[in-house]
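See structure below.
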Protein chains: 2
Amino acid sequence: MRDVAVIGVGLTQFGELWDKSFRHLTAEAGANAIIDSGVDGKDIDAMYIGSMSSGRFVGQEHIGALVADASGFSHMHIPSTRVEGACASGGLAVRQGYLSIASGINDVVIVGGVEKMNDVGGTSATETLATAADQEWEAFFGATFPGLYAMIATRHMYEFGTTKEQLAKVAVKNHANGVKNPYAQYRMEITVDKALNASPVAEPLGLLDCSPVTDGGAAVVLCAADKAREFTDKPIVKIIGSGQASDTLSLHGRRSITTLDATVHAAQMAYKQSNKQPADIDFAEVHDCFTIAEICAIEDLGFVKKGDGGRAVDDNISPIHGEKPINTSGGLKSKGHPVGATGVAQIVEVTQQLRGDAGNRQLSDPHVGLSHNVGGSGATCVIHIMEVN
Amino acid sequence: MRDVAVIGVGLTQFGELWDKSFRHLTAEAGANAIIDSGVDGKDIDAMYIGSMSSGRFVGQEHIGALVADASGFSHMHIPSTRVEGACASGGLAVRQGYLSIASGINDVVIVGGVEKMNDVGGTSATETLATAADQEWEAFFGATFPGLYAMIATRHMYEFGTTKEQLAKVAVKNHANGVKNPYAQYRMEITVDKALNASPVAEPLGLLDCSPVTDGGAAVVLCAADKAREFTDKPIVKIIGSGQASDTLSLHGRRSITTLDATVHAAQMAYKQSNKQPADIDFAEVHDCFTIAEICAIEDLGFVKKGDGGRAVDDNISPIHGEKPINTSGGLKSKGHPVGATGVAQIVEVTQQLRGDAGNRQLSDPHVGLSHNVGGSGATCVIHIMEVN
């Protein structure tokens with residue numbers, strides 16, 4: 001397998017974008033990534049697009065062809081493939097693009113992620129998001145995602161003594177990071193008191209424990225590492241590990257609801273391929289769709305011992321100046337969570353940090369970063385480990 | 001890139017399956033393929049699933065994890081990825097599985113395709129199928145697929161003198177083949193007169209020019225060719241060429257509406273990789289969602305000259321005993337068209353023919369077969385060329 005580098009990244013603004021359509025978002029993110037990469041349209045061999053539920057949100061399937069068309073590539077007839085794994089759709093699209101270069105079949109691939117969740121027809125965002133859960137065993141009985149993650153949180157509190165204050169501190173930290181990210185949906189500081197007193201959503205989770213409903217697009221340009229210098233003189237960021245795993249679709253089928261085994265297995269795969277250990281990871285973007293999810297993630301990724309995630313928050317390991325910065329972008333909580341775009345946007349943040357392009361949220365000289373993208377309540381997980389030379 | 005073989009194939013019955021759910025179909029097709037392949041569940045490294053619009057048809061996204069779970073693989077935590085490209089979803093899933101083995105990352109991959117189109121909630125099948133067209137430029141104005149293909153047919157008649165009788169003969173031939181396929185939805189002979197006098201759908205297409213709304217599943221087990229003999233003593237069928245291309249999502253954007261450029265470009269890619277020419281292809285499964293689509297396909301694949309597709313039907317080149325048998329399975333027309341399953345089911349038929357397992361529709365000693373799977377009105381095309389040693 002060939003080495004693969006990320007040579008260009010692009011985002012749209014994340015937020016409630018009432019004046020931007022689904023296809024506008026894809027083209028804007030893609031154009032930004034192409035400009036950043038130095039490639040010309042004609043250099044691109046293939047496209048992969050992550051989108052969770054364009055069919056329900058905007059009444060449009062066949063997204064691969066749509067994005068190629070909306071981006072002006074239809075005359076090149078390039079292969080364009082949509083990949084779906086609920087909120088892990090973006091990370092899966094990156095993995096497919098990565099594999100297609102590693103296999104030798106492509107040299108340059110653009111990977112996009114997109115979701116338009118506001119100003120949409122049909123059912124509510126919450127109802128469509130629940131199609132990532134098990135319709136027959138969960139959603140049919142009224143369990144939507146805030147409720148499922150509330151059960152995870154409740155059990156985590158029971159087993160490990162995790163507190164609502166610790167959950168609140170995750171939100172406070174991610175909002176503090178998001179203030180520094182010009183693309184973030186919510187650029188406002190919050191306090192622990194404000195988080196604890198926010199409207200309840202599903203006990204113990206309040207409004208500020210939940211990631212928002214977001215419109216947005218993200219794109220990255222991947223390239224065979226040995227050709228990257230033909231296009232860019234920026235630092236070369238390589239994907240050195242890619243892991244993916246699945247689990248039961250429904251929460252009740254798992255051996256434990258406080259451990260996401262898909263995270264554990266995807267991480268093992270990525271650590272093994274990259275020959276890295278959790279201690280080698282300088283920083284990570286993790287899937288904080290709810291505050292409890294970030295606490296489970298840092299445990300399941302091996303950054304702290306199982307059950308210690310809440311106490312690690314008290315110990316301040318995860319702010320930008322902590323020993324293991326988590327979600328420097330603001331995370332899903334503050335940057336926003338356009339579900340199909342999130343996994344790609346995580347790769348954007350890790351790349352920018354590794355290149356030293358992260359502005360006033362830049363970490364001090366990071367070498368190795370990790371992205372962690374989850375679908376549903378943990379039935380899909382995809383992880384990438386990236387290194388700058 | 002490593003060589004890849006198809007070592008197992010499986011289907012469910014195609015039809016109106018009121019007593020089988022979406023997840024039942026996936027598990028049944030997968031089990032049939034696994035039994036046929038000789039692999040054990042633990043040998044499987046990854047899964048890819050093609051499904052066009054499960055989110056709208058059955059209110060369920062996150063299909064990769066669902067299928068792994070429904071198939072009993074959740075405890076193995078294997079990577080499982082859903083791929084979507086409208087009616088080409090199945091072919092795209094095969095291509096992603098193929099690439100993941102060719103890259104060296106996987107040895108054994110199961111690829112499934114599934115769609116449940118009857119007994120579903122929400123909008124009609126026709127409305128959901130129209131999400132494969134351009135919602136903003138086509139479907140919004142009332143153009144559904146019968147209408148789009150009717151425009152292609154009308155123009156083909158105008159440019160090349162193609163007749164309604166020639167369209168009817170495609171349906172008659174595919175029904176004759178479908179009678180011999182125990183998995184086909186419509187196992188009944190029809191006549192040219194019956195086709196010409198069927199209820200009009202969109203002039204010049206009548207009811208018997210149109211593929212039906214179908215429930216069904218299909219699966220194949222792919223394996224690194226050099227490991228295939230560890231599992232099976234059946235003839236080894238290799239994928240020797242894989243091509244994929246895109247085009248404008250809407251029909252009006254094309255340089256011609258009687259040539260599907262995505263087919264032309266995907267075919268070039270597959271012919272080049274396999275070092276084969278159209279004349280080397282012994283038989284093909286082509287995407288006859290409408291009768292006119294089969295006529296365009298045999299032209300765009302290079303089997304006959306552009307414009308000669310209708311006359312080739314008169315010349316009887318495409319029946320089972322013709323010089324270039326097309327759709328020995330019965331095609332989408334008679335076998336049925338569960339949209340996400342179709343591209344995988346085509347691989348099943350090509351494999352069975354090449355292995356000599358096609359029962360009373362078996363061709364005489366074929367060596368090279370081709371599958372041609374189209375999304376929408378031609379915005380996505382994926383082609384595989386397969387050879388038996």
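Scheme for the structure tokens: letters A, B, ... for chains in order shown; per-chain residue numbers from 1; ligand numbers from 1 in order shown.
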When you get a sec, could you note down which chain A residues fall within 6 Å of chain B, using only C-alpha atoms, as a ChimeraX atom specification? /A:59-62,65-66,69,74,77-79,82-86,103,131-132,244-249,379
Export C-alpha atoms of the chosen residues as a CSV table (one decimal), in the first residue's frame?
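Result file is out_29.csv:
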```csv
chain,number,residue,atom,x,y,z
A,59,GLY,CA,-35.0,15.0,-1.1
A,60,GLN,CA,-31.9,14.2,-3.2
A,61,GLU,CA,-30.0,10.9,-3.4
A,62,HIS,CA,-27.3,10.3,-6.1
A,65,ALA,CA,-22.8,12.6,-9.2
A,66,LEU,CA,-24.6,15.7,-7.9
A,69,ASP,CA,-21.7,18.1,-11.4
A,74,SER,CA,-19.1,16.5,-14.9
A,77,HIS,CA,-16.7,12.1,-16.0
A,78,ILE,CA,-14.6,11.3,-12.9
A,79,PRO,CA,-15.8,8.5,-10.6
A,82,ARG,CA,-21.3,8.8,-2.0
A,83,VAL,CA,-20.6,6.9,1.3
A,84,GLU,CA,-23.0,6.7,4.2
A,85,GLY,CA,-22.5,5.7,7.8
A,86,ALA,CA,-24.8,8.1,9.7
A,103,SER,CA,-4.4,0.7,-3.8
A,131,THR,CA,-32.7,6.9,11.2
A,132,ALA,CA,-29.1,6.4,12.4
A,244,GLN,CA,-12.9,1.3,11.0
A,245,ALA,CA,-15.2,-0.9,13.1
A,246,SER,CA,-18.9,-1.7,13.6
A,247,ASP,CA,-21.1,-2.7,16.5
A,248,THR,CA,-24.7,-3.5,17.1
A,249,LEU,CA,-27.0,-0.8,15.7
A,379,ALA,CA,-22.4,1.3,15.6
```
Taking the DSSP assignment computed from this structure's backbone, write out as a ChimeraX atom specification all residues of region 216-346 of chain B that belong to helix (DSSP H, G or I). /B:225-230,251-253,261-274,278-280,291-300,309-314,331-335,339-346
Here is a test: counting only C-alpha atoms, which residue of A:Phe290, A:Ile190, A:Leu167, A:His372 is nearest to Ala267 (chain A)?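 Using only C-alpha atoms, Ala267 (chain A) sits closest to A:His372.
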Distance criterion (only C-alpha atoms): nearest to Thr291 (chain B) out of B:His24, B:Arg95, B:Lys333, B:His252: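 Looking at the shortest contact to Thr291 (chain B), the residue is B:Lys333.
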If you run DSSP over the backbone, which residues in region 59-173 of chain A end up strand (DSSP E or B)? Put them as a list in words. Ser80, Thr81, Arg82, Val83, Glu84, Gly85, Cys87, Val108, Val109, Ile110, Val111, Gly112, Gly113, Val114 and Glu115 of chain A
Go ahead and save the residues from that selection, with N, CA and C atoms, as a CSV table (one decimal), in the first residue's frame.
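Contents of part-v5.csv, as written:
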```
chain,number,residue,atom,x,y,z
A,80,SER,N,-17.3,9.3,-9.0
A,80,SER,CA,-17.7,10.0,-7.7
A,80,SER,C,-18.7,9.2,-7.0
A,81,THR,N,-18.4,8.9,-5.7
A,81,THR,CA,-19.1,7.9,-4.9
A,81,THR,C,-19.5,8.5,-3.6
A,82,ARG,N,-20.8,8.3,-3.3
A,82,ARG,CA,-21.3,8.8,-2.0
A,82,ARG,C,-21.2,7.6,-1.0
A,83,VAL,N,-20.7,7.9,0.2
A,83,VAL,CA,-20.6,6.9,1.3
A,83,VAL,C,-21.4,7.4,2.5
A,84,GLU,N,-22.1,6.4,3.1
A,84,GLU,CA,-23.0,6.7,4.2
A,84,GLU,C,-22.7,5.8,5.4
A,85,GLY,N,-22.5,6.4,6.6
A,85,GLY,CA,-22.5,5.7,7.8
A,85,GLY,C,-23.0,6.6,8.9
A,87,CYS,N,-23.6,9.6,11.2
A,87,CYS,CA,-22.7,10.8,11.5
A,87,CYS,C,-21.2,10.4,11.2
A,108,VAL,N,-4.8,11.4,-7.1
A,108,VAL,CA,-5.3,12.5,-6.4
A,108,VAL,C,-6.8,12.4,-6.3
A,109,VAL,N,-7.3,12.5,-5.1
A,109,VAL,CA,-8.8,12.3,-4.8
A,109,VAL,C,-9.3,13.4,-3.9
A,110,ILE,N,-10.4,13.9,-4.3
A,110,ILE,CA,-11.1,14.9,-3.4
A,110,ILE,C,-12.2,14.2,-2.6
A,111,VAL,N,-12.2,14.5,-1.3
A,111,VAL,CA,-13.2,13.9,-0.4
A,111,VAL,C,-14.0,15.0,0.2
A,112,GLY,N,-15.3,15.0,0.0
A,112,GLY,CA,-16.2,16.0,0.6
A,112,GLY,C,-17.1,15.4,1.6
A,113,GLY,N,-17.6,16.3,2.5
A,113,GLY,CA,-18.7,15.9,3.4
A,113,GLY,C,-19.6,17.0,3.5
A,114,VAL,N,-20.9,16.7,3.5
A,114,VAL,CA,-21.9,17.8,3.5
A,114,VAL,C,-23.2,17.4,4.1
A,115,GLU,N,-23.8,18.3,4.8
A,115,GLU,CA,-25.2,18.1,5.2
A,115,GLU,C,-25.9,19.5,5.3
```
Region 227-236 of chain B environment, 8 Å, only C-alpha atoms, sequence neighbours closer than 6 positions dropped, as a ChimeraX atom specification: /B:5-7,37-39,107,355,388-389
Atoms kept (C-alpha atoms) for selection, written as a PDB file, in the first residue's frame:
```
ATOM      1  CA  ALA B   5     -11.916 -13.118  -7.454  1.00  0.00           C
ATOM      2  CA  VAL B   6     -15.631 -13.618  -6.861  1.00  0.00           C
ATOM      3  CA  ILE B   7     -15.830 -16.831  -4.831  1.00  0.00           C
ATOM      4  CA  SER B  37     -18.166 -19.294  -1.065  1.00  0.00           C
ATOM      5  CA  GLY B  38     -16.933 -21.747   1.530  1.00  0.00           C
ATOM      6  CA  VAL B  39     -15.693 -18.965   3.803  1.00  0.00           C
ATOM      7  CA  ASP B 107      -8.371 -10.449   1.889  1.00  0.00           C
ATOM      8  CA  ARG B 355     -18.831 -20.988 -13.592  1.00  0.00           C
ATOM      9  CA  VAL B 388     -12.939 -17.425 -15.705  1.00  0.00           C
ATOM     10  CA  ASN B 389      -9.674 -19.305 -15.937  1.00  0.00           C
TER      11      ASN B 389
END
```
What's around Glu28 (chain A) at 12 Å? Count only C-alpha atoms, leave out sequence neighbours fewer than 3 positions away in its own chain, and write the answer as an MDAnalysis selection string. chainID A and resid 9:13 20:25 31:35 67 70:72 112:114 216:219
